[in-house]
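> For reference, the structure I am asking about is given below.
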Amino acid sequence: MYNYVQNIKPKPGHNSPGDLANLASARERRDNRQKEQRTARQEALTDFNEDDNPSKKSNFAEWAVINAPGFIAAQNAFFAAVQEVQQWEDKVFGPGRAALQKASMGLQVATTGTTFQDGYNMNVSSDSITINADGVPNPIENISKFIVPLWTIPNYSATLSGWVANTSAEPSAYTINLAKGEHSSYKDLGHTGTGASVSVSRPVFGFFVKGGSSHSHANFNFSRDAKNVNITLTIKHHKTFPFQPGQWNNGVADLVKTIDAIPPKTEKRVRATQALFAHSVGMKITFSGDAKTAFSKDYKTTIGGGGGITIFGITIGASASSQHSTGVAGSTWDESSGTLTVTPTNSAYESDLLAVMGEVVEI
């Protein structure tokens, strides 16, 4: 999205003779007013720190309104000069330039750190902190705040709390055909109008040793053994949640139309829009034939060695990673019947991500 915005070309403004010279003069005045404002501010800060009136305003900005008219005048002159530059830039470069810069800045700060959103983070500044003679930090300029978050999932926390409280819900059961689902077409999955194919890119079964490192399982082969594996998934609670972009997204999608710009060359990309989350997920997995023998060997080697297995991203055995694990479920392996039973977790602070849905966009 950031690269897309960088390549939007605003249509040029309607220039008159002398406009570029006027813009250059306005920028020079702005720079001079800024120097005067900084000098006046430093003088006012000195007076503020030396003011021993016990009833003085403790906040410099409030104190300056009453006691530093020179600084206030210099500050207003600087703001007016900035506005004048903006007006000339709109005339020379087109009125869309300011909106484009705002969108670009919003996307840049969303990925690098600072932007404006009240109530979430502490103030930060691009300026260095200076200490006065009394050892007290001087007021800082260029205040901004971290954007939090890039994306949100509305009502997720409240919904999860409701799921955790409702433990008596009867689970729904879903049978999964791995042999059919490993590679299929969109048409096979009920979609029309496309001949594209879809495949499972993340392994259904993952094996890892103690400490979290993935390792090769020598016996069980998903591609070969999928036809001899039957999975029944049980879910007590599930819901599809939309992803909601943060404040950086304001107006970005309609930017080309809004500022009547020349659109850049686009490419088709996939943007995640929603996800399916579930709580109290359990599984009953039955292996037959060669798959039963192969999985049994790898299961006993992995679990017995302190490692673990992930099935559809749900971890059984040792936790794979404190950062990426979806929680650790219990399991029992009945070698005689070739049945692995995964008991559902009922964690109060997390759910299982079962699927992510998206849409094709051209940006």
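Chain labels A, B, ... are given in the sequence in which chains occur in the structure tokens; within each chain residues are numbered consecutively from 1, and ligands are likewise numbered from 1 in the order shown.
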Need to verify the contact set: Leu45 of chain A, 9 Å, only C-alpha atoms, exclusion of same-chain residues closer than 4 positions in sequence. Can you return it as an MDAnalysis selection string?

chainID A and resid 40:41 49:50 60 64 138:139

> Measure the distance from atom CA of Leu354 of chain A to atom CA of Gly330 of chain A in Å and round it to one decimal.

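Pair atom CA of Leu354 of chain A / atom CA of Gly330 of chain A returns 18.3 Å.
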
> Grab the atom CA of Lys91 of chain A to atom CA of Pro263 of chain A distance for me, in Å with one decimal place.

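Distance reported for this atom pair: 20.5 Å.
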
> Here is a test: counting only C-alpha atoms, which residue of A:Pro154, A:Gly307, A:Gly206, A:Gly162 is nearest to Gly246 of chain A?

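Closest to Gly246 of chain A, using only C-alpha atoms: A:Pro154.
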
> With distances taken over only C-alpha atoms, which of A:Leu276, A:Val209, A:Ala173, A:Ala158 is nearest to Ala355 of chain A?

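Of A:Leu276, A:Val209, A:Ala173, A:Ala158, the one nearest Ala355 of chain A, counting only C-alpha atoms, is A:Leu276.
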
> Compare A:Trp163, A:Phe79, A:Phe207, A:Tyr174 by their minimum atom-to-atom distance to Phe277 of chain A, counting only C-alpha atoms, and give me the closest one.

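Checking each of A:Trp163, A:Phe79, A:Phe207, A:Tyr174 against Phe277 of chain A, counting only C-alpha atoms, the winner is A:Trp163.
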
> Can you tell me, as a ChimeraX atom specification, which residues in segment 217-267 of chain A count as helix (DSSP H, G or I) by DSSP?

/A:222-228,247-249,255-258

> Please return as an MDAnalysis selection string: the residues of segment 238-290 of chain A that backbone DSSP assigns to strand (DSSP E or B).

chainID A and resid 238:242 244:245 262 268:287

> Those residues you just picked out, can you put them in a file as an mmCIF file, in the first residue's frame with N, CA, C and O atoms?


```cif
data_model
loop_
_atom_site.group_PDB
_atom_site.id
_atom_site.type_symbol
_atom_site.label_atom_id
_atom_site.label_comp_id
_atom_site.auth_asym_id
_atom_site.auth_seq_id
_atom_site.Cartn_x
_atom_site.Cartn_y
_atom_site.Cartn_z
ATOM 1 N N HIS A 238 -17.310 -20.919 17.581
ATOM 2 C CA HIS A 238 -16.516 -20.371 16.476
ATOM 3 C C HIS A 238 -17.223 -19.156 15.897
ATOM 4 O O HIS A 238 -18.456 -19.022 15.981
ATOM 5 N N LYS A 239 -16.438 -18.291 15.297
ATOM 6 C CA LYS A 239 -16.995 -17.070 14.715
ATOM 7 C C LYS A 239 -15.993 -16.487 13.730
ATOM 8 O O LYS A 239 -14.783 -16.596 13.924
ATOM 9 N N THR A 240 -16.520 -15.880 12.688
ATOM 10 C CA THR A 240 -15.676 -15.176 11.727
ATOM 11 C C THR A 240 -15.603 -13.702 12.113
ATOM 12 O O THR A 240 -16.632 -13.047 12.276
ATOM 13 N N PHE A 241 -14.384 -13.201 12.279
ATOM 14 C CA PHE A 241 -14.162 -11.805 12.671
ATOM 15 C C PHE A 241 -13.541 -11.034 11.510
ATOM 16 O O PHE A 241 -12.605 -11.517 10.877
ATOM 17 N N PRO A 242 -14.013 -9.827 11.234
ATOM 18 C CA PRO A 242 -13.356 -8.996 10.210
ATOM 19 C C PRO A 242 -12.115 -8.327 10.778
ATOM 20 O O PRO A 242 -12.010 -8.113 11.990
ATOM 21 N N GLN A 244 -10.054 -4.918 11.012
ATOM 22 C CA GLN A 244 -10.319 -3.488 10.872
ATOM 23 C C GLN A 244 -8.999 -2.733 10.870
ATOM 24 O O GLN A 244 -8.244 -2.791 11.839
ATOM 25 N N PRO A 245 -8.674 -2.026 9.773
ATOM 26 C CA PRO A 245 -7.395 -1.309 9.712
ATOM 27 C C PRO A 245 -7.352 -0.151 10.689
ATOM 28 O O PRO A 245 -8.382 0.397 11.083
ATOM 29 N N ILE A 262 -3.453 10.877 -11.266
ATOM 30 C CA ILE A 262 -3.146 9.894 -12.298
ATOM 31 C C ILE A 262 -2.816 8.586 -11.593
ATOM 32 O O ILE A 262 -1.845 8.513 -10.837
ATOM 33 N N LYS A 268 -2.257 -7.258 -9.033
ATOM 34 C CA LYS A 268 -3.217 -7.977 -8.209
ATOM 35 C C LYS A 268 -2.517 -8.537 -6.980
ATOM 36 O O LYS A 268 -1.487 -9.189 -7.081
ATOM 37 N N ARG A 269 -3.102 -8.261 -5.820
ATOM 38 C CA ARG A 269 -2.567 -8.769 -4.569
ATOM 39 C C ARG A 269 -3.729 -9.282 -3.727
ATOM 40 O O ARG A 269 -4.887 -8.975 -3.996
ATOM 41 N N VAL A 270 -3.395 -10.046 -2.709
ATOM 42 C CA VAL A 270 -4.420 -10.582 -1.819
ATOM 43 C C VAL A 270 -4.300 -9.885 -0.469
ATOM 44 O O VAL A 270 -3.218 -9.829 0.121
ATOM 45 N N ARG A 271 -5.416 -9.351 -0.003
ATOM 46 C CA ARG A 271 -5.447 -8.668 1.295
ATOM 47 C C ARG A 271 -6.343 -9.457 2.242
ATOM 48 O O ARG A 271 -7.486 -9.768 1.915
ATOM 49 N N ALA A 272 -5.815 -9.795 3.408
ATOM 50 C CA ALA A 272 -6.615 -10.512 4.409
ATOM 51 C C ALA A 272 -7.724 -9.608 4.915
ATOM 52 O O ALA A 272 -7.484 -8.433 5.238
ATOM 53 N N THR A 273 -8.938 -10.115 4.983
ATOM 54 C CA THR A 273 -10.081 -9.314 5.413
ATOM 55 C C THR A 273 -10.773 -9.860 6.647
ATOM 56 O O THR A 273 -11.401 -9.109 7.380
ATOM 57 N N GLN A 274 -10.685 -11.165 6.890
ATOM 58 C CA GLN A 274 -11.359 -11.742 8.047
ATOM 59 C C GLN A 274 -10.720 -13.089 8.380
ATOM 60 O O GLN A 274 -9.985 -13.663 7.574
ATOM 61 N N ALA A 275 -11.016 -13.565 9.578
ATOM 62 C CA ALA A 275 -10.436 -14.828 10.022
ATOM 63 C C ALA A 275 -11.458 -15.608 10.832
ATOM 64 O O ALA A 275 -12.339 -15.025 11.479
ATOM 65 N N LEU A 276 -11.338 -16.923 10.766
ATOM 66 C CA LEU A 276 -12.211 -17.816 11.526
ATOM 67 C C LEU A 276 -11.480 -18.263 12.779
ATOM 68 O O LEU A 276 -10.439 -18.908 12.706
ATOM 69 N N PHE A 277 -12.020 -17.881 13.939
ATOM 70 C CA PHE A 277 -11.459 -18.277 15.218
ATOM 71 C C PHE A 277 -12.389 -19.271 15.901
ATOM 72 O O PHE A 277 -13.610 -19.210 15.735
ATOM 73 N N ALA A 278 -11.811 -20.190 16.652
ATOM 74 C CA ALA A 278 -12.607 -21.191 17.351
ATOM 75 C C ALA A 278 -12.057 -21.404 18.751
ATOM 76 O O ALA A 278 -10.880 -21.156 19.025
ATOM 77 N N HIS A 279 -12.935 -21.862 19.636
ATOM 78 C CA HIS A 279 -12.557 -22.103 21.026
ATOM 79 C C HIS A 279 -13.035 -23.488 21.431
ATOM 80 O O HIS A 279 -14.070 -23.959 20.957
ATOM 81 N N SER A 280 -12.298 -24.140 22.315
ATOM 82 C CA SER A 280 -12.592 -25.511 22.736
ATOM 83 C C SER A 280 -12.607 -26.434 21.526
ATOM 84 O O SER A 280 -13.607 -27.068 21.195
ATOM 85 N N VAL A 281 -11.464 -26.490 20.848
ATOM 86 C CA VAL A 281 -11.322 -27.314 19.650
ATOM 87 C C VAL A 281 -10.698 -28.652 20.031
ATOM 88 O O VAL A 281 -9.643 -28.695 20.670
ATOM 89 N N GLY A 282 -11.342 -29.723 19.649
ATOM 90 C CA GLY A 282 -10.816 -31.057 19.872
ATOM 91 C C GLY A 282 -10.764 -31.831 18.569
ATOM 92 O O GLY A 282 -11.342 -31.417 17.559
ATOM 93 N N MET A 283 -10.058 -32.954 18.565
ATOM 94 C CA MET A 283 -9.948 -33.752 17.346
ATOM 95 C C MET A 283 -9.914 -35.230 17.686
ATOM 96 O O MET A 283 -9.408 -35.629 18.738
ATOM 97 N N LYS A 284 -10.464 -36.013 16.770
ATOM 98 C CA LYS A 284 -10.309 -37.455 16.806
ATOM 99 C C LYS A 284 -9.768 -37.871 15.451
ATOM 100 O O LYS A 284 -10.426 -37.711 14.427
ATOM 101 N N ILE A 285 -8.556 -38.394 15.450
ATOM 102 C CA ILE A 285 -7.872 -38.712 14.195
ATOM 103 C C ILE A 285 -7.598 -40.210 14.159
ATOM 104 O O ILE A 285 -6.966 -40.757 15.070
ATOM 105 N N THR A 286 -8.106 -40.848 13.111
ATOM 106 C CA THR A 286 -7.937 -42.291 12.969
ATOM 107 C C THR A 286 -7.010 -42.592 11.805
ATOM 108 O O THR A 286 -7.225 -42.105 10.684
ATOM 109 N N PHE A 287 -5.976 -43.365 12.085
ATOM 110 C CA PHE A 287 -5.010 -43.777 11.067
ATOM 111 C C PHE A 287 -5.229 -45.254 10.753
ATOM 112 O O PHE A 287 -5.493 -46.066 11.654
#
```

> Name the residues in contact with Ala261 of chain A at a cut-off of 7 Å, using only C-alpha atoms, excluding same-chain residues fewer than 2 positions from it; report them as a count of residues only.

8
